[in-house]
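Trainee: Mind having a look at this structure? Questions to follow.
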Amino acid sequence: MSATDDPLQAALDEAASLMNELEQDVVDVSLTEESADLHPLHDHFLSAPPPPPTVSNTSTTEEITPVMSPSLPQNPTQQMQQPILPQPPQQQSLPPQQMQYMPQQQHLQSQRPLQPVQYPPASTPSTATSTAQRIISADTWKMQTRQFASNIATMAQRGLQQVQEHSNFVPTPSGLHVSSPSHQNHPAATMITPLSHMTNSGTNSHLMNQPMLMTPNRTVAPEPTPVNPEQQQLLLQTHVGDLMQGEKIILFVSNLPHVSDSRGVVSSGVAWCGVVTYYRLLLFPLAPDVSRSTSSGLQSLHPSCLPALTPPRSELLQLPLTCIEKIEKSTMTAQQQMLFLTVTSKLSGYWIRLACPTFMETQKVAESLETYAFPGRRNLGYLFAFECQREAVMQSLVQDEQGQKRVTLEPTPKRFDAVVEYTRLLGSSLHAAWKIWTQCNAQYQLCPSYPNVVVGPSSLDELDVMVRQCAAFRSEYRWPALTWGNSRDGASIWRCAQPKMGLQGNRSSADEYFLQQIMEQAGRINQQAPSLIQWSRTDLQALTGSSDLSNWYPEGQLKLLDLRPRASAMANRTAGYGYENTSYYPGTTLQFCNIGNIHAVRDAYQKISAVALQASDLQWQSAIDDSKWLSSIRLIWAAAWETAFWVHVHRMPVLLHCSHGWDRTSQVAALAQLLLDGHYRTRKGFATLVEKDFHAFGHPFHTRCAHGEGGNEQSVDEGQVSPIFLQFLDGVYQLVRLYPDAFEFTTKYLLELSNHIYSCRFGTFLCDTEREREVAANLRQRTQSVWDALEARPDLCNEKFQDSDGVLLIPLPLLVRSITLWNDRHALHGPKPVLRALPNELEQEMWRRLLCGEAVEGQKFQEEDSPKKVDSAEDEKGGPTDTAILSATSFTIDD
């Protein structure tokens, strides 16, 4: 047989020729002066040139300055230097705005105008360090390219040997297809027979030196199907629907030989496509999986058993890039070797594992994900929340007389307007005990992490130096501020940070006087209020679940609830902090609530995620209890219930704080208000509650969620990452599950909201403080709001909602003993079925709407009642059924 007739020999010759061409390309690239700087993973590509210093080096605060991010490289001769990016047209629109965190003084600096930056830069770095970096980058690329060409030649040689050893195998002209490293020239990747049993051998740094073995399938070798750009669009429209506004494709890889995830979705004899966009990773099969067939044994079972035995099978796997926690590379220890990527998300331990036909394509996918999933804290403009709004922002730019550009786009409305909300709570009575302060922190000059409008005792002047002294005595200058109250009596909830007591037992006369004024104003208004509601001993015993009521009667005028364990509060004294000495604060009583810190929450969440994915069936409940996740929620609800008890039953002011007053304090204060105020049990009121007690009072969303940062990043302070807000939503879920008619929103609403904690689809959960969102980043103009998307969903509204202003103070034992695992969230990505709170039809419809609340265009499929229709590959009209149903595996993100 001649070389022209033998496809394997022809492939071997092609590989040798390709190797020579690639080596020549490497030489040309190494001589390019700017090639290293244009690599997508290079520092100059991800970060804009630093602005000139405007402040001293002693500044301790940070400010976000939005600037334009550089455009993508456009030189077609440098394709080898940008393997993860598609070739954009000549007139490529600018990529997302780039916000940089830069040290600033506590006073605000005017924003820099948005200036388009053109890349490649006009001048390149000329220092010795930059030159060395370019040389190293070129050498590394040269080595990897040679290794890739060597892999191709090795594969062709081994394929030829296998043909000689097995004469019964007759290759077809399409039996072996060698792909070029240029994705545009060879869109179809090589098909590799997937392994039936594979084990992860961990990360291997020497993978590029190992040849990739390819074994021809001796039964039916699937022919690789080339996918041109038109077919790519058709496949995306069929399996995904319309992409979101601003969502552009970065990379499209076809014929993936292996795809699997934590739910048990495995590619079995069907090649999949992988797509990386600015927003998410998408995986879907090229053809329907017809391997599933309905067993005749199912017909003997009750129809109610079928949903658990035949759950909806996902044919679309997707994961927002900012939900990725880490990306691991591994190879399989078998005769065949493939480079696998295991992508682990931040929500519930969900993972996706995929393999591309070649090492090079797998490397391209990994670099694409790492570049756009982990832009870093200084490059927040790469987050999709800014990209989807970029076109509208650019169109709204106007230039003033001084030549400065500013955004004129109408901002999204705030749900929490401090003046409006506090007026609703306190009224406009002249004899009110509390007063709205609009000047003491108007420019965030007193406390950068507090809102610009706060409420304090009406007997104090907000500009009094005593208020500043009180703030200086509290951690992070977070002095006592009211978060909930009413105009009828002194019942109110206050929040602050721990005092700076220290080992010496320091005192602050200003802080003691401030708390004294709270007690006096509450007592004054209580005397003018109507008579107290009389609670019988039997009623109190039923509420508290205790026959001994000695601890449920007030011993003072102000209840101090320190949400930490006593040991933790005492340990903080060594760092100069601590807790209040009640002998210095007469009329107060102090109680510790024993709620764990952010480290305990993070550890419990990791354990509960592992339990949902791996726990033994017979040890399921004990494994859940051992994780301490439910125990933590019980402690939080016990503290929130007790806060509502003292406020409603005894009409007392309650002061809450933990260490800094922005994690546990926000959780307990918000949950207590759900019990006390019926307005917060509506959809609009719940959004107001979240924006008030989490956004305005400085819960650090970015620090706790690590947006744009992953576990692979050395700069990430993993000790500060913790799912605090997700734990709060879990607590809300417990109450909604018990009393669904008391809430205008459903548990499905909470699940949707939890999905967007880490997705960065909206700007609602970006940045750490109100100052950063409103002044530095201007998020309401540059991003969209998650509340708008949720309110546009009528399926998230509870039609049986019974609006009432009554206090939802249920018995404490009933509340605490009813705490259970939120299966819809934590067991969403487990391989085994669990009892779900959402019916299948609601679940399918929810995931069909994807992430932005917009329904996917196309045919809607419904699950048939007949057992024969459950696993049918086609319906009566010949269309696919299971392939179009988006189940719980079709999406993953958050905490």
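Following the order of the structure tokens, chains are lettered A, B, ..., residues in each are numbered from 1, and ligands are numbered from 1.
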Excluding same-chain residues fewer than 3 positions from A:Ala373, what lies within 7 Å of it counting only C-alpha atoms, as an mmCIF file with all heavy atoms, in the first residue's frame?

Mentor:
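Writing done, so here's part.cif:
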data_model
loop_
_atom_site.group_PDB
_atom_site.id
_atom_site.type_symbol
_atom_site.label_atom_id
_atom_site.label_comp_id
_atom_site.auth_asym_id
_atom_site.auth_seq_id
_atom_site.Cartn_x
_atom_site.Cartn_y
_atom_site.Cartn_z
ATOM 1 N N LEU A 321 -18.635 31.715 34.750
ATOM 2 C CA LEU A 321 -17.194 31.687 34.954
ATOM 3 C C LEU A 321 -16.810 32.159 36.355
ATOM 4 O O LEU A 321 -15.877 31.632 36.963
ATOM 5 C CB LEU A 321 -16.498 32.553 33.902
ATOM 6 C CG LEU A 321 -16.726 32.150 32.438
ATOM 7 C CD1 LEU A 321 -15.902 33.033 31.521
ATOM 8 C CD2 LEU A 321 -16.387 30.684 32.221
ATOM 9 N N THR A 322 -17.510 33.149 36.883
ATOM 10 C CA THR A 322 -17.160 33.658 38.205
ATOM 11 C C THR A 322 -17.583 32.714 39.322
ATOM 12 O O THR A 322 -17.237 32.950 40.474
ATOM 13 C CB THR A 322 -17.817 35.025 38.435
ATOM 14 O OG1 THR A 322 -19.217 34.936 38.150
ATOM 15 C CG2 THR A 322 -17.183 36.073 37.552
ATOM 16 N N ILE A 324 -16.586 29.664 39.250
ATOM 17 C CA ILE A 324 -15.520 28.671 39.291
ATOM 18 C C ILE A 324 -14.591 28.973 40.463
ATOM 19 O O ILE A 324 -14.094 30.093 40.600
ATOM 20 C CB ILE A 324 -14.732 28.664 37.970
ATOM 21 C CG1 ILE A 324 -15.658 28.285 36.803
ATOM 22 C CG2 ILE A 324 -13.554 27.713 38.041
ATOM 23 C CD1 ILE A 324 -14.988 28.330 35.449
ATOM 24 N N LEU A 369 -10.624 29.796 30.516
ATOM 25 C CA LEU A 369 -11.343 29.849 31.783
ATOM 26 C C LEU A 369 -10.570 30.636 32.825
ATOM 27 O O LEU A 369 -11.139 31.457 33.556
ATOM 28 C CB LEU A 369 -11.609 28.420 32.281
ATOM 29 C CG LEU A 369 -12.533 27.559 31.414
ATOM 30 C CD1 LEU A 369 -12.645 26.159 31.988
ATOM 31 C CD2 LEU A 369 -13.910 28.187 31.289
ATOM 32 N N GLU A 370 -9.269 30.398 32.919
ATOM 33 C CA GLU A 370 -8.473 31.088 33.931
ATOM 34 C C GLU A 370 -8.403 32.589 33.663
ATOM 35 O O GLU A 370 -8.386 33.395 34.596
ATOM 36 C CB GLU A 370 -7.067 30.490 33.974
ATOM 37 C CG GLU A 370 -7.029 29.069 34.531
ATOM 38 C CD GLU A 370 -5.666 28.436 34.390
ATOM 39 O OE1 GLU A 370 -4.795 29.045 33.727
ATOM 40 O OE2 GLU A 370 -5.462 27.325 34.912
ATOM 41 N N GLY A 708 -14.287 36.991 40.892
ATOM 42 C CA GLY A 708 -13.156 37.098 39.984
ATOM 43 C C GLY A 708 -11.878 36.502 40.512
ATOM 44 O O GLY A 708 -10.818 36.665 39.902
#

Trainee: Identify, on the basis of only C-alpha atoms, every residue whose closest approach to A:Val465 does not exceed 12 Å; exclude the query and any residue fewer than 3 positions from it along the same chain; express the result as a list in words.

Mentor: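 Here the qualifying residues turn out to be Cys440, Leu446, Leu460, Asp461, Glu462, Arg468, Gln469, Cys470, Ala471, Ala472, Ala510, Asp511 and Phe514 of chain A.
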
Trainee: Would you mind exporting C-alpha atoms of the selected residues as a PDB file, in the first residue's frame?

Mentor:
ATOM      1  CA  CYS A 440     -22.744  62.991  60.369  1.00  0.00           C
ATOM      2  CA  LEU A 446     -16.907  59.080  59.752  1.00  0.00           C
ATOM      3  CA  LEU A 460     -28.327  63.849  70.562  1.00  0.00           C
ATOM      4  CA  ASP A 461     -26.923  66.236  67.990  1.00  0.00           C
ATOM      5  CA  GLU A 462     -25.540  64.244  65.086  1.00  0.00           C
ATOM      6  CA  ARG A 468     -17.326  60.809  66.792  1.00  0.00           C
ATOM      7  CA  GLN A 469     -15.782  59.705  70.058  1.00  0.00           C
ATOM      8  CA  CYS A 470     -18.327  56.918  70.358  1.00  0.00           C
ATOM      9  CA  ALA A 471     -17.500  55.766  66.826  1.00  0.00           C
ATOM     10  CA  ALA A 472     -13.781  55.820  67.589  1.00  0.00           C
ATOM     11  CA  ALA A 510     -19.025  58.894  74.980  1.00  0.00           C
ATOM     12  CA  ASP A 511     -19.995  55.290  74.249  1.00  0.00           C
ATOM     13  CA  PHE A 514     -24.735  57.040  73.815  1.00  0.00           C
TER      14      PHE A 514
END

Trainee: Pick out the closest residue to A:Thr342 from this set: A:Leu735, A:Val393, A:Val259, A:Cys760. Count only C-alpha atoms.

Mentor: A:Val259

Trainee: Which is closest to A:Ile352 among A:Met338, A:His829, A:Val775, A:Leu814, if we use only C-alpha atoms?

Mentor: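 Using only C-alpha atoms, A:Ile352 sits closest to A:His829.
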
Trainee: Got a sec to tell me which of stretch 315-507 of chain A DSSP assigns to strand (DSSP E or B), as a PyMOL selection string?

Mentor: chain A and resi 317-320+324-332+339-345+351-355+397-399+405-407+434-437+454-457+474+481-485+492-495+499

Trainee: Counting only C-alpha atoms, give me one row per residue of stretch 583-603 of chain A with an atom at most 12 Å from an atom of stretch 643-656 of chain A, showing the shortest contact pair and its distance in Å to one decimal, sorted by chain then residue number, as CSV.

Mentor:
residue,atom,partner,partner_atom,distance
A:Gly587,CA,A:Pro653,CA,11.7
A:Thr588,CA,A:Val654,CA,9.8
A:Thr589,CA,A:Val654,CA,10.0
A:Leu590,CA,A:Leu655,CA,9.6
A:Gln591,CA,A:Leu656,CA,10.1
A:Phe592,CA,A:Leu656,CA,10.3
A:Cys593,CA,A:Leu656,CA,10.3

Trainee: How about saving the chosen residues, N, CA and C atoms kept, as an mmCIF file, in the first residue's frame?

Mentor:
data_model
loop_
_atom_site.group_PDB
_atom_site.id
_atom_site.type_symbol
_atom_site.label_atom_id
_atom_site.label_comp_id
_atom_site.auth_asym_id
_atom_site.auth_seq_id
_atom_site.Cartn_x
_atom_site.Cartn_y
_atom_site.Cartn_z
ATOM 1 N N GLY A 587 -27.986 49.438 83.711
ATOM 2 C CA GLY A 587 -29.270 49.243 83.061
ATOM 3 C C GLY A 587 -29.221 48.301 81.878
ATOM 4 N N THR A 588 -28.063 47.702 81.627
ATOM 5 C CA THR A 588 -27.930 46.783 80.498
ATOM 6 C C THR A 588 -27.663 45.364 80.993
ATOM 7 N N THR A 589 -28.031 44.395 80.185
ATOM 8 C CA THR A 589 -27.702 42.990 80.440
ATOM 9 C C THR A 589 -27.042 42.428 79.184
ATOM 10 N N LEU A 590 -26.028 41.600 79.399
ATOM 11 C CA LEU A 590 -25.235 41.056 78.301
ATOM 12 C C LEU A 590 -25.464 39.561 78.195
ATOM 13 N N GLN A 591 -25.621 39.082 76.953
ATOM 14 C CA GLN A 591 -25.823 37.658 76.700
ATOM 15 C C GLN A 591 -25.055 37.256 75.453
ATOM 16 N N PHE A 592 -24.350 36.126 75.510
ATOM 17 C CA PHE A 592 -23.619 35.583 74.361
ATOM 18 C C PHE A 592 -24.483 34.541 73.666
ATOM 19 N N CYS A 593 -24.421 34.545 72.322
ATOM 20 C CA CYS A 593 -25.295 33.679 71.520
ATOM 21 C C CYS A 593 -24.566 32.504 70.884
#

Trainee: For A:Ile624, find every residue with an atom within 10 Å (counting only C-alpha atoms), except residues of its own chain fewer than 5 positions away, and show them as a list in words.

Mentor: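 Skipping anything fewer than 5 positions along the chain leaves Ala604, Lys607, Ile608, Ser609, Ala610, Val611, Ala612, Ala615, Gln619, Trp629, Leu630, Ser631, Thr820 and Leu821 of chain A.
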
Trainee: Create the file for the chosen residues now, containing all heavy atoms and written as a compact mmCIF listing (two decimals), in the first residue's frame.

Mentor:
# COMPACT_ATOMS: atom_id res chain seq x y z
N ALA A 604 -18.17 24.41 57.73
CA ALA A 604 -19.44 23.68 57.72
C ALA A 604 -20.00 23.57 56.31
O ALA A 604 -20.56 22.54 55.93
CB ALA A 604 -20.44 24.36 58.66
N LYS A 607 -18.20 20.94 54.34
CA LYS A 607 -18.59 19.59 54.78
C LYS A 607 -19.98 19.22 54.26
O LYS A 607 -20.19 18.09 53.81
CB LYS A 607 -18.56 19.51 56.31
CG LYS A 607 -17.16 19.59 56.90
CD LYS A 607 -17.20 19.54 58.42
CE LYS A 607 -15.80 19.63 59.02
NZ LYS A 607 -15.85 19.62 60.51
N ILE A 608 -20.91 20.15 54.32
CA ILE A 608 -22.26 19.83 53.86
C ILE A 608 -22.26 19.63 52.35
O ILE A 608 -23.04 18.81 51.82
CB ILE A 608 -23.26 20.94 54.27
CG1 ILE A 608 -24.70 20.41 54.18
CG2 ILE A 608 -23.11 22.18 53.44
CD1 ILE A 608 -25.01 19.32 55.15
N SER A 609 -21.40 20.32 51.62
CA SER A 609 -21.31 20.10 50.18
C SER A 609 -20.74 18.73 49.88
O SER A 609 -21.21 18.04 48.96
CB SER A 609 -20.43 21.19 49.54
OG SER A 609 -20.99 22.48 49.75
N ALA A 610 -19.74 18.32 50.65
CA ALA A 610 -19.17 16.99 50.45
C ALA A 610 -20.17 15.90 50.81
O ALA A 610 -20.23 14.85 50.16
CB ALA A 610 -17.89 16.84 51.27
N VAL A 611 -20.96 16.15 51.84
CA VAL A 611 -21.97 15.16 52.25
C VAL A 611 -23.00 14.97 51.14
O VAL A 611 -23.39 13.84 50.81
CB VAL A 611 -22.65 15.61 53.55
CG1 VAL A 611 -23.90 14.79 53.82
CG2 VAL A 611 -21.68 15.48 54.72
N ALA A 612 -23.45 16.06 50.55
CA ALA A 612 -24.47 15.96 49.51
C ALA A 612 -23.97 15.21 48.28
O ALA A 612 -24.76 14.64 47.55
CB ALA A 612 -24.92 17.37 49.10
N ALA A 615 -21.98 11.22 50.58
CA ALA A 615 -22.37 10.53 51.81
C ALA A 615 -23.03 9.19 51.52
O ALA A 615 -23.73 9.00 50.53
CB ALA A 615 -23.32 11.40 52.63
N GLN A 619 -25.88 6.58 56.36
CA GLN A 619 -25.29 7.56 57.25
C GLN A 619 -25.60 8.99 56.81
O GLN A 619 -24.91 9.92 57.20
CB GLN A 619 -23.78 7.36 57.33
CG GLN A 619 -23.37 6.00 57.86
CD GLN A 619 -21.88 5.79 57.82
OE1 GLN A 619 -21.13 6.60 57.29
NE2 GLN A 619 -21.42 4.70 58.42
N TRP A 629 -23.62 22.41 59.86
CA TRP A 629 -24.28 23.46 59.10
C TRP A 629 -25.66 23.78 59.69
O TRP A 629 -26.00 24.96 59.89
CB TRP A 629 -24.40 23.06 57.64
CG TRP A 629 -25.11 24.05 56.78
CD1 TRP A 629 -26.41 24.00 56.36
CD2 TRP A 629 -24.56 25.26 56.23
NE1 TRP A 629 -26.70 25.10 55.58
CE2 TRP A 629 -25.59 25.88 55.48
CE3 TRP A 629 -23.31 25.87 56.28
CZ2 TRP A 629 -25.40 27.09 54.80
CZ3 TRP A 629 -23.12 27.07 55.60
CH2 TRP A 629 -24.15 27.66 54.89
N LEU A 630 -26.44 22.76 59.95
CA LEU A 630 -27.77 22.99 60.52
C LEU A 630 -27.67 23.51 61.95
O LEU A 630 -28.52 24.30 62.39
CB LEU A 630 -28.59 21.70 60.47
CG LEU A 630 -28.88 21.14 59.07
CD1 LEU A 630 -29.78 19.92 59.17
CD2 LEU A 630 -29.52 22.20 58.18
N SER A 631 -26.67 23.09 62.69
CA SER A 631 -26.49 23.60 64.05
C SER A 631 -26.22 25.09 64.03
O SER A 631 -26.73 25.84 64.88
CB SER A 631 -25.33 22.87 64.73
OG SER A 631 -25.59 21.48 64.82
N THR A 820 -34.15 22.05 58.69
CA THR A 820 -33.80 20.87 57.90
C THR A 820 -32.92 21.30 56.74
O THR A 820 -32.77 22.50 56.45
CB THR A 820 -35.07 20.16 57.39
OG1 THR A 820 -34.70 18.95 56.74
CG2 THR A 820 -35.82 21.05 56.42
N LEU A 821 -32.37 20.31 56.04
CA LEU A 821 -31.46 20.61 54.94
C LEU A 821 -32.23 21.20 53.76
O LEU A 821 -33.30 20.70 53.39
CB LEU A 821 -30.73 19.34 54.51
CG LEU A 821 -29.69 19.51 53.40
CD1 LEU A 821 -28.52 20.35 53.89
CD2 LEU A 821 -29.19 18.16 52.90

Trainee: For atom CA of A:His699 and atom CA of A:Trp662, determine how far apart the two atoms are, in Å to one decimal place.

Mentor: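 Spanning atom CA of A:His699 to atom CA of A:Trp662 is a straight-line distance of 4.8 Å.
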
Trainee: Atom CA of A:Pro375 and atom CA of A:Ala706, how far apart in Å?

Mentor: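 Taking atom CA of A:Ala706 as the start and atom CA of A:Pro375 as the end point, the length is 11.0 Å.
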
Trainee: Name the residues of stretch 382-524 of chain A that come out as helix (DSSP H, G or I) in a backbone DSSP run; write them as a VMD selection string.

Mentor: chain A and resid 382 384 to 387 390 to 395 418 to 426 465 to 472 475 to 477 509 to 524

Trainee: What lies within 10 Å of A:Phe728 using only C-alpha atoms, ignoring chain neighbours under 5 positions off, as a ChimeraX atom specification?

Mentor: /A:633,636-637,663-664,666-668,670-671,723,733

Trainee: Using only C-alpha atoms, determine which residues lie at most 6 Å from stretch 270-284 of chain A, disregarding the query and same-chain residues fewer than 6 positions distant; provide the list as a PyMOL selection string.

Mentor: chain A and resi 247-257+315-321+384

Trainee: Got time to write the residues from that selection, C-alpha atoms, as a PDB file, in the first residue's frame?

Mentor:
ATOM      1  CA  GLU A 247     -22.291  37.550  25.780  1.00  0.00           C
ATOM      2  CA  LYS A 248     -19.774  36.742  23.063  1.00  0.00           C
ATOM      3  CA  ILE A 249     -18.061  33.475  22.247  1.00  0.00           C
ATOM      4  CA  ILE A 250     -14.419  33.173  23.230  1.00  0.00           C
ATOM      5  CA  LEU A 251     -13.792  29.560  22.277  1.00  0.00           C
ATOM      6  CA  PHE A 252     -15.747  26.768  20.586  1.00  0.00           C
ATOM      7  CA  VAL A 253     -14.437  23.187  20.773  1.00  0.00           C
ATOM      8  CA  SER A 254     -16.255  20.278  19.144  1.00  0.00           C
ATOM      9  CA  ASN A 255     -16.052  16.503  19.567  1.00  0.00           C
ATOM     10  CA  LEU A 256     -15.180  16.407  23.271  1.00  0.00           C
ATOM     11  CA  PRO A 257     -14.487  12.741  24.022  1.00  0.00           C
ATOM     12  CA  GLU A 315     -28.423  17.738  27.929  1.00  0.00           C
ATOM     13  CA  LEU A 316     -26.973  21.145  28.748  1.00  0.00           C
ATOM     14  CA  LEU A 317     -24.333  21.788  31.383  1.00  0.00           C
ATOM     15  CA  GLN A 318     -23.474  25.384  32.142  1.00  0.00           C
ATOM     16  CA  LEU A 319     -21.452  27.187  34.755  1.00  0.00           C
ATOM     17  CA  PRO A 320     -20.888  30.951  35.061  1.00  0.00           C
ATOM     18  CA  LEU A 321     -17.194  31.687  34.954  1.00  0.00           C
ATOM     19  CA  PHE A 384     -19.914  39.999  32.977  1.00  0.00           C
TER      20      PHE A 384
END

Trainee: Pick the closest to A:His657 from A:Leu339, A:Ala669, A:Glu744, A:Ser345: which is it, counting only C-alpha atoms?

Mentor: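 Nearest to A:His657: A:Ala669.
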
Trainee: Which residue, A:Leu380, A:Leu341, A:Leu750, A:Val227, has the smallest gap to A:Arg737 when you use only C-alpha atoms?

Mentor: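 Between A:Leu380, A:Leu341, A:Leu750, A:Val227, the residue approaching A:Arg737 most closely is A:Leu750.
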
Trainee: Please, what distance in Å, to one decimal, runs between atom CA of A:Arg836 and atom CA of A:Phe694?

Mentor: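 So the two atoms, atom CA of A:Arg836 and atom CA of A:Phe694, lie 28.7 Å apart.
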
Trainee: I want to know what sits within 10 Å of stretch 673-680 of chain A, based on only C-alpha atoms, with residues of the same chain fewer than 6 positions away left out; could you give that as a ChimeraX atom specification?

Mentor: /A:425,483-485,493,640-641,643-645,647-648,686-690,732,735,742-744,803-810

Trainee: Generate the output file for the selected residues, N, CA, C and O atoms, as a CSV table (one decimal), in the first residue's frame.

Mentor:
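Resulting contents of again_2.csv:
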chain,number,residue,atom,x,y,z
A,425,LEU,N,-40.9,53.6,59.0
A,425,LEU,CA,-40.8,52.9,60.3
A,425,LEU,C,-41.1,53.8,61.4
A,425,LEU,O,-41.9,53.5,62.3
A,483,THR,N,-31.5,50.0,63.1
A,483,THR,CA,-31.8,49.4,61.9
A,483,THR,C,-33.3,49.1,61.8
A,483,THR,O,-33.8,49.0,60.7
A,484,TRP,N,-34.0,49.0,62.9
A,484,TRP,CA,-35.5,48.9,62.9
A,484,TRP,C,-36.1,49.4,64.2
A,484,TRP,O,-35.5,49.4,65.2
A,485,GLY,N,-37.2,50.1,64.0
A,485,GLY,CA,-38.0,50.6,65.1
A,485,GLY,C,-39.3,51.0,64.7
A,485,GLY,O,-39.7,50.8,63.5
A,493,ILE,N,-34.2,47.8,67.2
A,493,ILE,CA,-33.1,47.0,67.0
A,493,ILE,C,-31.9,47.9,66.6
A,493,ILE,O,-32.0,48.6,65.6
A,640,ALA,N,-32.0,35.4,66.5
A,640,ALA,CA,-33.0,36.2,65.8
A,640,ALA,C,-34.3,36.2,66.5
A,640,ALA,O,-35.0,37.2,66.7
A,641,TRP,N,-34.8,35.0,66.9
A,641,TRP,CA,-36.1,34.8,67.6
A,641,TRP,C,-36.0,35.6,68.9
A,641,TRP,O,-37.0,36.2,69.3
A,643,THR,N,-34.2,38.1,69.7
A,643,THR,CA,-34.2,39.5,69.5
A,643,THR,C,-35.7,40.0,69.3
A,643,THR,O,-36.1,41.0,69.8
A,644,ALA,N,-36.4,39.3,68.4
A,644,ALA,CA,-37.8,39.7,68.2
A,644,ALA,C,-38.6,39.5,69.5
A,644,ALA,O,-39.6,40.3,69.7
A,645,PHE,N,-38.3,38.6,70.3
A,645,PHE,CA,-39.0,38.4,71.6
A,645,PHE,C,-38.9,39.6,72.5
A,645,PHE,O,-39.9,40.1,73.0
A,647,VAL,N,-38.0,42.6,71.7
A,647,VAL,CA,-38.5,43.8,71.1
A,647,VAL,C,-40.0,43.8,71.1
A,647,VAL,O,-40.6,44.8,71.5
A,648,HIS,N,-40.7,42.7,70.8
A,648,HIS,CA,-42.1,42.7,70.7
A,648,HIS,C,-42.8,42.5,72.0
A,648,HIS,O,-43.8,43.2,72.3
A,686,PHE,N,-38.6,42.5,51.0
A,686,PHE,CA,-37.4,41.7,51.2
A,686,PHE,C,-36.2,42.3,50.5
A,686,PHE,O,-35.1,42.2,51.1
A,687,ALA,N,-36.3,42.8,49.3
A,687,ALA,CA,-35.2,43.5,48.6
A,687,ALA,C,-34.7,44.7,49.4
A,687,ALA,O,-33.5,44.9,49.5
A,688,THR,N,-35.7,45.4,50.0
A,688,THR,CA,-35.3,46.5,50.9
A,688,THR,C,-34.5,46.1,52.1
A,688,THR,O,-33.5,46.7,52.5
A,689,LEU,N,-35.0,45.0,52.7
A,689,LEU,CA,-34.3,44.4,53.9
A,689,LEU,C,-32.9,44.0,53.5
A,689,LEU,O,-31.9,44.3,54.3
A,690,VAL,N,-32.7,43.4,52.4
A,690,VAL,CA,-31.3,42.9,52.1
A,690,VAL,C,-30.4,44.1,51.8
A,690,VAL,O,-29.3,44.2,52.2
A,732,VAL,N,-33.8,32.0,55.8
A,732,VAL,CA,-35.1,32.5,55.3
A,732,VAL,C,-35.9,31.4,54.7
A,732,VAL,O,-37.1,31.3,54.9
A,735,LEU,N,-38.0,29.5,57.3
A,735,LEU,CA,-39.3,30.1,57.7
A,735,LEU,C,-40.3,30.1,56.6
A,735,LEU,O,-41.5,29.9,56.8
A,742,ALA,N,-47.4,33.2,54.4
A,742,ALA,CA,-47.0,34.5,55.0
A,742,ALA,C,-46.0,35.3,54.2
A,742,ALA,O,-45.7,36.4,54.6
A,743,PHE,N,-45.6,34.7,53.0
A,743,PHE,CA,-44.6,35.4,52.2
A,743,PHE,C,-45.1,35.5,50.8
A,743,PHE,O,-45.7,34.6,50.3
A,744,GLU,N,-44.8,36.7,50.2
A,744,GLU,CA,-45.1,36.9,48.8
A,744,GLU,C,-44.2,36.2,47.9
A,744,GLU,O,-44.6,36.0,46.7
A,803,ASP,N,-51.4,38.9,53.0
A,803,ASP,CA,-50.7,40.1,53.5
A,803,ASP,C,-51.2,40.4,54.9
A,803,ASP,O,-52.4,40.5,55.1
A,804,SER,N,-50.3,40.5,55.8
A,804,SER,CA,-50.6,40.8,57.2
A,804,SER,C,-49.5,41.5,57.9
A,804,SER,O,-48.3,41.2,57.6
A,805,ASP,N,-49.8,42.5,58.7
A,805,ASP,CA,-48.8,43.2,59.5
A,805,ASP,C,-48.5,42.5,60.9
A,805,ASP,O,-47.7,43.0,61.7
A,806,GLY,N,-49.1,41.3,61.1
A,806,GLY,CA,-48.9,40.6,62.3
A,806,GLY,C,-47.5,40.1,62.5
A,806,GLY,O,-46.8,39.8,61.5
A,807,VAL,N,-47.1,40.0,63.8
A,807,VAL,CA,-45.8,39.5,64.1
A,807,VAL,C,-45.8,38.0,64.0
A,807,VAL,O,-46.6,37.3,64.5
A,808,LEU,N,-44.8,37.5,63.3
A,808,LEU,CA,-44.7,36.1,63.0
A,808,LEU,C,-43.8,35.4,64.1
A,808,LEU,O,-42.7,34.8,63.8
A,809,LEU,N,-44.2,35.6,65.4
A,809,LEU,CA,-43.4,35.1,66.5
A,809,LEU,C,-43.9,33.7,66.9
A,809,LEU,O,-44.7,33.5,67.8
A,810,ILE,N,-43.4,32.7,66.2
A,810,ILE,CA,-43.9,31.3,66.4
A,810,ILE,C,-43.1,30.8,67.6
A,810,ILE,O,-42.1,31.3,68.0
